[in-house]
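Raw entry_23.cif, mmCIF, C-alpha atoms and all ligand atoms:
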```cif
data_structure
#
loop_
_atom_site.label_atom_id
_atom_site.label_comp_id
_atom_site.auth_asym_id
_atom_site.auth_seq_id
_atom_site.Cartn_x
_atom_site.Cartn_y
_atom_site.Cartn_z
CA MET A 1 89.27 180.37 137.17
CA SER A 2 91.62 178.17 135.10
CA SER A 3 90.45 177.24 131.61
CA ASP A 4 92.93 174.37 131.34
CA PRO A 5 91.20 171.25 130.01
CA LEU A 6 90.54 168.60 132.63
CA PRO A 7 92.64 165.43 132.59
CA SER A 8 91.08 162.74 130.39
CA THR A 9 92.03 159.89 132.71
CA TYR A 10 91.39 159.18 136.37
CA ASP A 11 93.34 156.84 138.57
CA GLY A 12 90.70 155.87 141.13
CA THR A 13 87.50 153.80 140.90
CA PRO A 14 84.29 155.79 141.21
CA ARG A 15 81.57 153.56 142.69
CA ILE A 16 78.90 156.28 142.83
CA ALA A 17 77.45 158.14 139.84
CA VAL A 18 74.82 160.80 139.43
CA ILE A 19 72.84 160.95 136.19
CA GLY A 20 71.48 164.46 135.78
CA GLY A 21 68.29 165.08 133.84
CA THR A 22 66.43 168.18 132.72
CA GLY A 23 67.87 171.28 134.39
CA LEU A 24 70.74 169.32 135.93
CA GLU A 25 73.42 169.27 133.24
CA SER A 26 76.29 169.41 135.75
CA LEU A 27 76.79 168.54 139.40
CA PRO A 28 76.20 171.78 141.28
CA SER A 29 78.87 172.81 143.84
CA PHE A 30 81.21 170.00 142.80
CA HIS A 31 84.49 170.71 141.02
CA PRO A 32 85.47 168.10 138.46
CA VAL A 33 89.04 166.79 138.50
CA ALA A 34 88.73 164.71 135.31
CA SER A 35 86.53 164.38 132.24
CA LEU A 36 86.42 160.91 130.67
CA SER A 37 85.35 160.25 127.08
CA ILE A 38 84.53 156.56 126.92
CA THR A 39 83.58 154.65 123.79
CA THR A 40 81.58 151.49 124.37
CA PRO A 41 80.49 148.66 122.05
CA TRP A 42 77.08 150.40 122.18
CA GLY A 43 78.44 153.79 121.09
CA SER A 44 79.31 156.94 123.03
CA PRO A 45 77.50 158.14 126.15
CA SER A 46 75.32 161.25 126.23
CA SER A 47 78.17 163.34 127.62
CA PRO A 48 81.72 162.99 128.89
CA ILE A 49 81.73 161.50 132.39
CA THR A 50 83.14 164.02 134.85
CA ILE A 51 84.74 162.91 138.09
CA SER A 52 84.62 165.05 141.23
CA GLU A 53 86.21 164.17 144.54
CA HIS A 54 83.98 164.43 147.57
CA PRO A 55 85.49 164.16 151.06
CA SER A 56 83.91 161.27 152.97
CA PRO A 57 82.32 162.66 156.15
CA SER A 58 83.39 159.51 158.03
CA THR A 59 87.06 159.23 156.96
CA GLY A 60 87.89 162.53 155.23
CA LYS A 61 89.14 160.46 152.28
CA PRO A 62 88.25 161.89 148.83
CA ILE A 63 85.52 159.74 147.28
CA PRO A 64 85.24 159.99 143.48
CA ILE A 65 81.77 160.81 142.16
CA ALA A 66 80.99 160.33 138.46
CA PHE A 67 78.48 162.55 136.69
CA LEU A 68 76.77 162.13 133.34
CA ALA A 69 74.26 164.50 131.68
CA ARG A 70 71.41 162.29 130.37
CA HIS A 71 70.36 164.61 127.55
CA GLY A 72 73.88 165.85 126.78
CA VAL A 73 75.69 168.88 128.16
CA HIS A 74 73.43 171.23 126.19
CA HIS A 75 70.24 169.10 126.42
CA GLU A 76 70.56 168.14 122.76
CA LEU A 77 69.20 164.58 123.05
CA ALA A 78 65.46 163.89 123.03
CA PRO A 79 64.30 161.19 125.46
CA HIS A 80 64.22 158.51 122.72
CA GLU A 81 67.72 159.54 121.56
CA VAL A 82 69.42 159.10 124.92
CA PRO A 83 72.05 156.36 124.38
CA SER A 84 71.16 154.55 127.60
CA ARG A 85 73.16 151.41 126.78
CA ALA A 86 76.32 153.43 126.21
CA ASN A 87 75.62 155.48 129.35
CA ILE A 88 75.20 152.49 131.63
CA ALA A 89 77.98 150.47 129.97
CA ALA A 90 80.46 153.37 130.27
CA LEU A 91 79.59 153.92 133.93
CA ARG A 92 80.00 150.23 134.71
CA LYS A 93 83.28 150.10 132.82
CA ILE A 94 84.85 152.84 134.98
CA GLY A 95 83.74 151.01 138.14
CA VAL A 96 80.38 152.59 138.99
CA ARG A 97 78.04 150.24 140.89
CA CYS A 98 75.57 152.74 142.36
CA ILE A 99 73.57 155.32 140.39
CA ILE A 100 71.43 158.14 141.71
CA ALA A 101 69.38 159.30 138.73
CA PHE A 102 67.58 162.64 138.82
CA SER A 103 64.47 163.37 136.81
CA ALA A 104 62.01 166.21 136.31
CA ALA A 105 58.54 164.65 136.20
CA GLY A 106 54.88 165.55 136.02
CA SER A 107 52.73 164.82 139.06
CA LEU A 108 49.72 162.53 138.68
CA ALA A 109 48.65 162.90 142.31
CA GLU A 110 47.14 165.96 143.98
CA GLU A 111 49.33 165.57 147.08
CA VAL A 112 52.56 165.61 145.03
CA LYS A 113 52.83 169.32 144.42
CA PRO A 114 55.22 170.96 141.97
CA ARG A 115 58.70 171.17 143.62
CA ASP A 116 58.01 168.15 145.85
CA PHE A 117 60.46 165.24 145.62
CA VAL A 118 59.48 161.60 145.17
CA VAL A 119 61.68 158.56 145.71
CA PRO A 120 59.74 156.07 143.57
CA ASP A 121 59.56 152.34 144.12
CA GLN A 122 57.77 151.19 140.96
CA VAL A 123 57.61 151.83 137.22
CA ILE A 124 55.04 151.29 134.47
CA ASP A 125 56.46 151.09 130.95
CA ARG A 126 54.67 153.19 128.37
CA THR A 127 57.63 153.53 126.00
CA LYS A 128 56.95 152.27 122.49
CA GLY A 129 59.67 149.71 121.91
CA ILE A 130 61.84 152.07 119.85
CA ARG A 131 64.59 152.41 122.48
CA PRO A 132 67.29 149.74 122.58
CA SER A 133 66.72 148.31 126.05
CA THR A 134 69.01 145.34 126.61
CA PHE A 135 72.68 144.35 126.49
CA PHE A 136 71.64 140.73 125.93
CA GLU A 137 70.80 140.05 122.28
CA GLY A 138 72.36 139.00 118.96
CA GLY A 139 73.38 135.53 120.13
CA PHE A 140 73.40 135.92 123.89
CA VAL A 141 70.11 135.68 125.79
CA CYS A 142 69.92 136.54 129.48
CA HIS A 143 66.77 137.30 131.49
CA VAL A 144 67.05 139.59 134.49
CA PRO A 145 64.62 140.00 137.42
CA PHE A 146 62.99 143.45 137.39
CA ALA A 147 60.10 143.14 139.88
CA ASP A 148 61.55 145.94 141.98
CA PRO A 149 63.21 148.36 139.57
CA PHE A 150 64.98 150.38 142.28
CA ASP A 151 67.56 149.29 144.82
CA ALA A 152 66.03 148.95 148.29
CA GLY A 153 69.29 149.68 150.16
CA VAL A 154 70.14 152.81 148.17
CA GLY A 155 66.49 153.91 148.33
CA LYS A 156 66.57 153.69 152.12
CA VAL A 157 69.62 155.97 152.30
CA VAL A 158 68.11 158.47 149.83
CA ARG A 159 64.80 158.65 151.76
CA LYS A 160 66.62 159.21 155.04
CA CYS A 161 68.63 162.07 153.49
CA GLY A 162 65.49 163.65 152.00
CA HIS A 163 63.68 163.54 155.33
CA SER A 164 66.67 165.09 157.10
CA LEU A 165 66.08 168.19 154.92
CA GLU A 166 62.38 168.51 155.70
CA GLY A 167 61.73 171.82 157.39
CA GLU A 168 64.39 173.38 155.15
CA GLY A 169 61.98 173.50 152.21
CA VAL A 170 62.30 169.92 150.99
CA VAL A 171 59.05 167.94 150.78
CA LEU A 172 59.60 164.24 150.17
CA HIS A 173 57.22 161.45 149.23
CA ASP A 174 58.67 158.09 150.18
CA ASN A 175 57.15 155.96 147.43
CA GLY A 176 55.45 156.19 144.10
CA THR A 177 54.98 154.68 140.67
CA VAL A 178 56.67 156.37 137.71
CA ILE A 179 54.86 156.12 134.40
CA CYS A 180 57.54 156.23 131.71
CA MET A 181 56.02 157.51 128.48
CA GLU A 182 57.68 157.72 125.08
CA GLY A 183 57.41 161.43 124.33
CA PRO A 184 58.77 163.79 123.28
CA GLN A 185 55.20 165.10 123.10
CA PHE A 186 53.45 165.30 126.46
CA SER A 187 50.39 163.11 127.18
CA THR A 188 46.85 163.70 126.05
CA ARG A 189 44.37 164.56 128.78
CA ALA A 190 42.70 161.13 128.37
CA GLU A 191 46.06 159.38 128.83
CA SER A 192 46.94 161.52 131.83
CA LYS A 193 43.61 160.65 133.51
CA MET A 194 44.07 156.96 132.65
CA TYR A 195 47.53 156.88 134.27
CA ARG A 196 45.95 158.18 137.47
CA THR A 197 43.50 155.25 137.47
CA TRP A 198 46.50 152.92 137.04
CA GLY A 199 48.04 154.23 140.24
CA GLY A 200 50.70 156.41 138.60
CA THR A 201 52.25 158.96 140.96
CA VAL A 202 54.56 160.80 138.53
CA ILE A 203 55.27 160.70 134.81
CA ASN A 204 58.53 161.14 132.92
CA MET A 205 60.20 160.03 129.69
CA SER A 206 63.46 158.71 131.06
CA VAL A 207 63.43 156.06 133.76
CA LEU A 208 63.33 153.38 131.04
CA PRO A 209 65.36 151.76 129.68
CA GLU A 210 67.90 153.33 132.06
CA ALA A 211 66.69 151.36 135.11
CA LYS A 212 66.47 148.09 133.12
CA LEU A 213 70.00 148.45 131.83
CA ALA A 214 71.31 149.27 135.31
CA ALA A 215 69.68 146.05 136.54
CA GLU A 216 71.34 144.09 133.72
CA ALA A 217 74.68 145.69 134.61
CA GLU A 218 74.43 144.76 138.32
CA ILE A 219 74.27 148.42 139.30
CA ALA A 220 72.24 149.53 142.34
CA TYR A 221 69.96 152.22 140.85
CA GLN A 222 67.60 154.69 142.47
CA MET A 223 65.78 157.53 140.76
CA VAL A 224 64.96 160.78 142.56
CA VAL A 225 62.12 162.68 140.96
CA MET A 226 61.34 166.35 141.31
CA SER A 227 57.78 167.21 140.41
CA THR A 228 57.61 170.13 138.00
CA ASP A 229 53.93 170.25 136.92
CA TYR A 230 50.55 168.54 137.18
CA ASP A 231 50.77 167.19 133.61
CA CYS A 232 47.35 167.94 132.03
CA TRP A 233 44.80 166.11 134.21
CA HIS A 234 44.63 168.97 136.75
CA ASP A 235 42.75 172.24 136.30
CA SER A 236 45.80 174.35 137.21
CA GLY A 237 47.05 174.52 133.60
CA ASP A 238 48.66 172.10 131.15
CA VAL A 239 52.36 171.26 131.32
CA THR A 240 54.80 173.29 129.24
CA VAL A 241 58.60 173.27 129.12
CA GLU A 242 58.57 176.81 130.60
CA MET A 243 56.61 175.47 133.56
CA VAL A 244 59.05 172.56 134.04
CA MET A 245 62.12 174.78 133.82
CA GLY A 246 60.59 177.46 136.03
CA HIS A 247 60.04 174.99 138.87
CA MET A 248 63.47 173.42 138.33
CA ARG A 249 65.14 176.84 138.62
CA ALA A 250 63.03 177.92 141.57
CA ASN A 251 63.85 174.73 143.47
CA ALA A 252 67.51 174.45 142.44
CA VAL A 253 68.76 175.16 145.95
CA ASN A 254 66.73 172.29 147.39
CA ALA A 255 67.80 169.95 144.59
CA ARG A 256 71.43 170.85 145.31
CA ARG A 257 70.95 170.29 149.04
CA PHE A 258 69.31 166.94 148.39
CA ILE A 259 72.10 165.78 146.07
CA GLY A 260 74.76 166.97 148.52
CA ALA A 261 73.12 165.15 151.44
CA VAL A 262 72.82 161.90 149.46
CA LEU A 263 76.44 162.05 148.28
CA ASP A 264 77.63 162.87 151.81
CA GLU A 265 75.82 159.85 153.20
CA LEU A 266 76.78 157.41 150.42
CA SER A 267 80.44 158.48 150.74
CA LYS A 268 80.57 157.18 154.31
CA GLU A 269 82.66 154.11 154.96
CA GLU A 270 79.61 152.25 156.35
CA HIS A 271 78.04 152.28 152.84
CA ALA A 272 81.14 151.05 150.98
CA GLU A 273 79.65 147.58 150.33
CA LEU A 274 76.29 149.04 149.27
CA VAL A 275 77.77 151.47 146.74
CA ALA A 276 80.03 148.70 145.41
CA ALA A 277 76.77 146.69 144.95
CA LYS A 278 78.29 143.61 146.54
CA HIS A 279 74.71 142.28 146.89
CA LEU A 280 74.35 142.26 143.07
CA GLU A 281 77.84 141.12 142.09
CA GLY A 282 78.01 138.09 139.83
CA GLY A 283 74.24 137.80 139.35
CA ARG A 284 74.47 137.95 135.55
CA LYS A 285 76.61 134.84 135.42
CA PHE A 286 73.49 132.80 136.16
CA GLY A 287 70.62 134.15 134.01
CA VAL A 288 71.96 133.07 130.63
CA SER A 289 69.63 130.93 128.48
CA THR A 290 71.88 130.49 125.43
CA HIS A 291 73.80 127.22 125.06
CA SER A 292 77.54 127.74 124.39
CA ASP A 293 77.09 126.55 120.77
CA GLY A 294 74.52 129.31 120.19
CA LYS A 295 76.51 132.24 121.53
CA SER A 296 77.74 134.57 118.78
CA LYS A 297 81.35 135.77 118.68
CA ASP A 298 80.21 139.38 118.43
CA ALA A 299 77.94 139.11 121.45
CA LEU A 300 80.64 137.34 123.47
CA GLU A 301 83.10 140.15 122.69
CA LYS A 302 80.60 142.70 123.96
CA MET A 303 79.98 140.61 127.07
CA GLU A 304 83.72 140.38 127.75
CA TRP A 305 83.94 144.20 127.50
CA LEU A 306 81.09 144.71 129.97
CA PHE A 307 81.57 141.71 132.26
CA PRO A 308 85.26 140.78 132.02
CA GLY A 309 85.82 137.11 132.90
CA TYR A 310 82.11 136.30 133.46
CA PHE A 311 81.50 134.22 130.36
CA SER A 312 84.96 133.17 129.16
C1 LIG B 401 61.65 169.16 129.55
S1 LIG B 401 60.20 168.33 130.07
C2 LIG B 401 60.33 166.62 129.57
C3 LIG B 401 61.65 165.97 129.87
O1 LIG B 401 61.98 166.23 131.25
C4 LIG B 401 62.26 165.01 131.88
O2 LIG B 401 63.64 164.77 131.71
P1 LIG B 401 64.54 164.01 132.77
O3 LIG B 401 63.77 162.81 133.22
O4 LIG B 401 65.79 163.65 132.04
O5 LIG B 401 64.78 164.99 133.90
C5 LIG B 401 61.36 164.02 131.16
O6 LIG B 401 61.72 162.68 131.40
C6 LIG B 401 61.51 164.45 129.74
O7 LIG B 401 62.65 163.91 129.13
N1 LIG B 402 54.17 166.11 132.49
C1 LIG B 402 55.27 165.47 132.11
N2 LIG B 402 55.20 164.37 131.32
C2 LIG B 402 56.31 163.71 130.95
N3 LIG B 402 57.55 164.07 131.32
C3 LIG B 402 57.65 165.16 132.10
N4 LIG B 402 58.74 165.75 132.63
C4 LIG B 402 58.32 166.82 133.35
N5 LIG B 402 56.98 166.92 133.29
C5 LIG B 402 56.54 165.90 132.53
#
```

What's the structure tokens form of this structure?
Ligand SMILES: CSC[C@H]1O[C@H](OP(=O)(O)O)[C@H](O)[C@@H]1O
Ligand SMILES: Nc1ncnc2[nH]cnc12
Amino acid sequence: MSSDPLPSTYDGTPRIAVIGGTGLESLPSFHPVASLSITTPWGSPSSPITISEHPSPSTGKPIPIAFLARHGVHHELAPHEVPSRANIAALRKIGVRCIIAFSAAGSLAEEVKPRDFVVPDQVIDRTKGIRPSTFFEGGFVCHVPFADPFDAGVGKVVRKCGHSLEGEGVVLHDNGTVICMEGPQFSTRAESKMYRTWGGTVINMSVLPEAKLAAEAEIAYQMVVMSTDYDCWHDSGDVTVEMVMGHMRANAVNARRFIGAVLDELSKEEHAELVAAKHLEGGRKFGVSTHSDGKSKDALEKMEWLFPGYFS
């Protein structure tokens, strides 16, 4: 295998990105053709963004897929240290408009067994306000709808792909509510039991502010969760990192199959408009509350970087 460094530039426009979480620090079975180090007005992303080319099953054309490791290449960033603004800004800047985000999560529901997959449709925020969670501040106020935190069109494709793998070891739950806690400590037993009464299906430390920032950036975002434990409400034993990693490793083949199926499907020509998020394009031009006299120069410069031509 060549140890030549990958090119630091890429000529095409990747519309699709995968954000890998715990146990998924690279895109399995994909061979990167470039590694981009992007600096944003919100700092540097968690990892370089690698680009792999995936042949579209419908046209045979190579479709670029971006990949970013949420916690860094060596899992060196705690959940509250993940630079989500830089991650989402960098992905948008290179052209990404569709994100499939993977997460290892605890199950809050008996029927969601460890190693099952969940394609969630809702989120409850239990982070503590210590994570920067908006692009719109410092002299530029913009309010963004967030009633449905995940993209319905992308979610539909992901669910279809998951179901196509049933019988090959993949168990998929079509819906669910993710409780996003602050961490890095796991929940107390009282909290875990309370989240169940709230209707929580799974619990992680990472869907927020990632999903909020994707919404602000007009990116169609869907999380795919793999259950790795029963948190601490269940009598089968309290969550530990060993438990999480053990299930991640044991189910790696299914995770790889799931990712491959989703990328195959999204690379088809028929989904070109969806992955370019044409249905979201331009939305941010209209949610701005700040009068032109109140907009700061610094904020406007950041806006021009992220949304060229929107506000000038
Ligand atoms: C290592 S267990 C807790 C850790 O795992 C999950 O990470 P990710 O969502 O990035 O897969 C969870 O959110 C916590 O960050
Ligand atoms: N039980 C749990 N709580 C929070 N995040 C998790 N990630 C994996 N398992 C988890």

Exercise. Which one of A:Val154, A:Ile100, A:Ala109, A:Ala147 sits closest to ligand LIG 402 (chain B) if you count all atoms listed in the file?
Worked result: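 Among the listed residues, A:Ala109 lies closest to ligand LIG 402 (chain B).
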
Problem set entry | Spatial neighbours of A:Val288, max dist 10 Å, only C-alpha atoms, sep filter under 5 positions, as a PyMOL selection string | chain A and resi 136+140-144+311

Those residues you just picked out, can you put them in a file as a PDB file, in the coordinates of the input with C-alpha atoms?
```pdb
ATOM      1  CA  PHE A 136      71.640 140.730 125.930  1.00  0.00           C
ATOM      2  CA  PHE A 140      73.400 135.920 123.890  1.00  0.00           C
ATOM      3  CA  VAL A 141      70.110 135.680 125.790  1.00  0.00           C
ATOM      4  CA  CYS A 142      69.920 136.540 129.480  1.00  0.00           C
ATOM      5  CA  HIS A 143      66.770 137.300 131.490  1.00  0.00           C
ATOM      6  CA  VAL A 144      67.050 139.590 134.490  1.00  0.00           C
ATOM      7  CA  PHE A 311      81.500 134.220 130.360  1.00  0.00           C
TER       8      PHE A 311
END
```

For this session: Neighbourhood query: residues within 9 Å of (76.0, 162.4, 125.0), file coordinates, counting all atoms listed in the file; return as a ChimeraX atom specification.
Result: /A:44-48,68-73,75-77,82-83,87

Exercise. From the set A:Ser29, A:Asn204, A:Ser58, A:Asn175, which residue has the shortest atom-to-atom contact distance to A:Ala255, counting all atoms listed in the file?
Worked result: A:Ser29

Exercise. Of the candidates A:Val112, A:Ala299, A:Met248, A:Leu172, which one gets nearest to ligand LIG 401 (chain B) if we count only C-alpha atoms and all ligand atoms?
Worked result: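 Between A:Val112, A:Ala299, A:Met248, A:Leu172, the residue approaching ligand LIG 401 (chain B) most closely is A:Met248.
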
Restricted to N, CA, C and O atoms, what does stretch 259-279 of chain A look like when written out as a PDB file, in the first residue's frame?
```pdb
ATOM      1  N   ILE A 259     -24.038   1.426   6.026  1.00  0.00           N
ATOM      2  CA  ILE A 259     -23.459   2.645   5.435  1.00  0.00           C
ATOM      3  C   ILE A 259     -23.339   2.476   3.923  1.00  0.00           C
ATOM      4  O   ILE A 259     -23.701   3.371   3.149  1.00  0.00           O
ATOM      5  N   GLY A 260     -22.843   1.322   3.497  1.00  0.00           N
ATOM      6  CA  GLY A 260     -22.660   1.071   2.062  1.00  0.00           C
ATOM      7  C   GLY A 260     -23.981   1.162   1.318  1.00  0.00           C
ATOM      8  O   GLY A 260     -24.071   1.780   0.247  1.00  0.00           O
ATOM      9  N   ALA A 261     -25.037   0.568   1.910  1.00  0.00           N
ATOM     10  CA  ALA A 261     -26.347   0.575   1.235  1.00  0.00           C
ATOM     11  C   ALA A 261     -26.878   2.005   1.127  1.00  0.00           C
ATOM     12  O   ALA A 261     -27.427   2.407   0.086  1.00  0.00           O
ATOM     13  N   VAL A 262     -26.708   2.784   2.191  1.00  0.00           N
ATOM     14  CA  VAL A 262     -27.215   4.172   2.173  1.00  0.00           C
ATOM     15  C   VAL A 262     -26.448   4.994   1.129  1.00  0.00           C
ATOM     16  O   VAL A 262     -27.047   5.751   0.346  1.00  0.00           O
ATOM     17  N   LEU A 263     -25.126   4.808   1.090  1.00  0.00           N
ATOM     18  CA  LEU A 263     -24.337   5.606   0.133  1.00  0.00           C
ATOM     19  C   LEU A 263     -24.617   5.168  -1.301  1.00  0.00           C
ATOM     20  O   LEU A 263     -24.673   6.004  -2.212  1.00  0.00           O
ATOM     21  N   ASP A 264     -24.827   3.877  -1.501  1.00  0.00           N
ATOM     22  CA  ASP A 264     -25.232   3.386  -2.832  1.00  0.00           C
ATOM     23  C   ASP A 264     -26.504   4.098  -3.288  1.00  0.00           C
ATOM     24  O   ASP A 264     -26.588   4.626  -4.394  1.00  0.00           O
ATOM     25  N   GLU A 265     -27.482   4.080  -2.395  1.00  0.00           N
ATOM     26  CA  GLU A 265     -28.802   4.623  -2.773  1.00  0.00           C
ATOM     27  C   GLU A 265     -28.719   6.142  -2.988  1.00  0.00           C
ATOM     28  O   GLU A 265     -29.212   6.661  -3.986  1.00  0.00           O
ATOM     29  N   LEU A 266     -28.063   6.840  -2.061  1.00  0.00           N
ATOM     30  CA  LEU A 266     -28.013   8.310  -2.186  1.00  0.00           C
ATOM     31  C   LEU A 266     -27.189   8.753  -3.391  1.00  0.00           C
ATOM     32  O   LEU A 266     -27.346   9.879  -3.873  1.00  0.00           O
ATOM     33  N   SER A 267     -26.293   7.867  -3.874  1.00  0.00           N
ATOM     34  CA  SER A 267     -25.464   8.225  -5.036  1.00  0.00           C
ATOM     35  C   SER A 267     -26.216   8.099  -6.356  1.00  0.00           C
ATOM     36  O   SER A 267     -25.676   8.445  -7.408  1.00  0.00           O
ATOM     37  N   LYS A 268     -27.434   7.564  -6.292  1.00  0.00           N
ATOM     38  CA  LYS A 268     -28.196   7.412  -7.544  1.00  0.00           C
ATOM     39  C   LYS A 268     -28.655   8.769  -8.055  1.00  0.00           C
ATOM     40  O   LYS A 268     -29.021   9.657  -7.263  1.00  0.00           O
ATOM     41  N   GLU A 269     -28.699   8.855  -9.375  1.00  0.00           N
ATOM     42  CA  GLU A 269     -29.106  10.087 -10.042  1.00  0.00           C
ATOM     43  C   GLU A 269     -30.463  10.604  -9.531  1.00  0.00           C
ATOM     44  O   GLU A 269     -30.663  11.802  -9.340  1.00  0.00           O
ATOM     45  N   GLU A 270     -31.380   9.663  -9.256  1.00  0.00           N
ATOM     46  CA  GLU A 270     -32.743  10.072  -8.844  1.00  0.00           C
ATOM     47  C   GLU A 270     -32.743  10.857  -7.517  1.00  0.00           C
ATOM     48  O   GLU A 270     -33.715  11.531  -7.200  1.00  0.00           O
ATOM     49  N   HIS A 271     -31.639  10.761  -6.742  1.00  0.00           N
ATOM     50  CA  HIS A 271     -31.596  11.495  -5.467  1.00  0.00           C
ATOM     51  C   HIS A 271     -30.718  12.752  -5.540  1.00  0.00           C
ATOM     52  O   HIS A 271     -30.411  13.348  -4.496  1.00  0.00           O
ATOM     53  N   ALA A 272     -30.337  13.143  -6.757  1.00  0.00           N
ATOM     54  CA  ALA A 272     -29.409  14.274  -6.900  1.00  0.00           C
ATOM     55  C   ALA A 272     -29.973  15.563  -6.271  1.00  0.00           C
ATOM     56  O   ALA A 272     -29.254  16.303  -5.589  1.00  0.00           O
ATOM     57  N   GLU A 273     -31.271  15.808  -6.467  1.00  0.00           N
ATOM     58  CA  GLU A 273     -31.865  17.042  -5.902  1.00  0.00           C
ATOM     59  C   GLU A 273     -31.944  16.955  -4.384  1.00  0.00           C
ATOM     60  O   GLU A 273     -31.731  17.940  -3.679  1.00  0.00           O
ATOM     61  N   LEU A 274     -32.267  15.752  -3.880  1.00  0.00           N
ATOM     62  CA  LEU A 274     -32.384  15.560  -2.425  1.00  0.00           C
ATOM     63  C   LEU A 274     -31.043  15.798  -1.754  1.00  0.00           C
ATOM     64  O   LEU A 274     -30.956  16.539  -0.766  1.00  0.00           O
ATOM     65  N   VAL A 275     -29.966  15.184  -2.286  1.00  0.00           N
ATOM     66  CA  VAL A 275     -28.667  15.321  -1.618  1.00  0.00           C
ATOM     67  C   VAL A 275     -28.067  16.714  -1.825  1.00  0.00           C
ATOM     68  O   VAL A 275     -27.197  17.130  -1.067  1.00  0.00           O
ATOM     69  N   ALA A 276     -28.576  17.437  -2.829  1.00  0.00           N
ATOM     70  CA  ALA A 276     -28.151  18.840  -2.982  1.00  0.00           C
ATOM     71  C   ALA A 276     -29.039  19.752  -2.127  1.00  0.00           C
ATOM     72  O   ALA A 276     -28.864  20.975  -2.139  1.00  0.00           O
ATOM     73  N   ALA A 277     -29.990  19.146  -1.396  1.00  0.00           N
ATOM     74  CA  ALA A 277     -30.927  19.866  -0.506  1.00  0.00           C
ATOM     75  C   ALA A 277     -31.563  21.061  -1.205  1.00  0.00           C
ATOM     76  O   ALA A 277     -31.661  22.152  -0.620  1.00  0.00           O
ATOM     77  N   LYS A 278     -32.039  20.829  -2.409  1.00  0.00           N
ATOM     78  CA  LYS A 278     -32.710  21.911  -3.143  1.00  0.00           C
ATOM     79  C   LYS A 278     -33.931  22.407  -2.369  1.00  0.00           C
ATOM     80  O   LYS A 278     -34.322  23.572  -2.482  1.00  0.00           O
ATOM     81  N   HIS A 279     -34.547  21.506  -1.578  1.00  0.00           N
ATOM     82  CA  HIS A 279     -35.751  21.871  -0.810  1.00  0.00           C
ATOM     83  C   HIS A 279     -35.424  22.807   0.363  1.00  0.00           C
ATOM     84  O   HIS A 279     -36.332  23.376   0.962  1.00  0.00           O
TER      85      HIS A 279
END
```
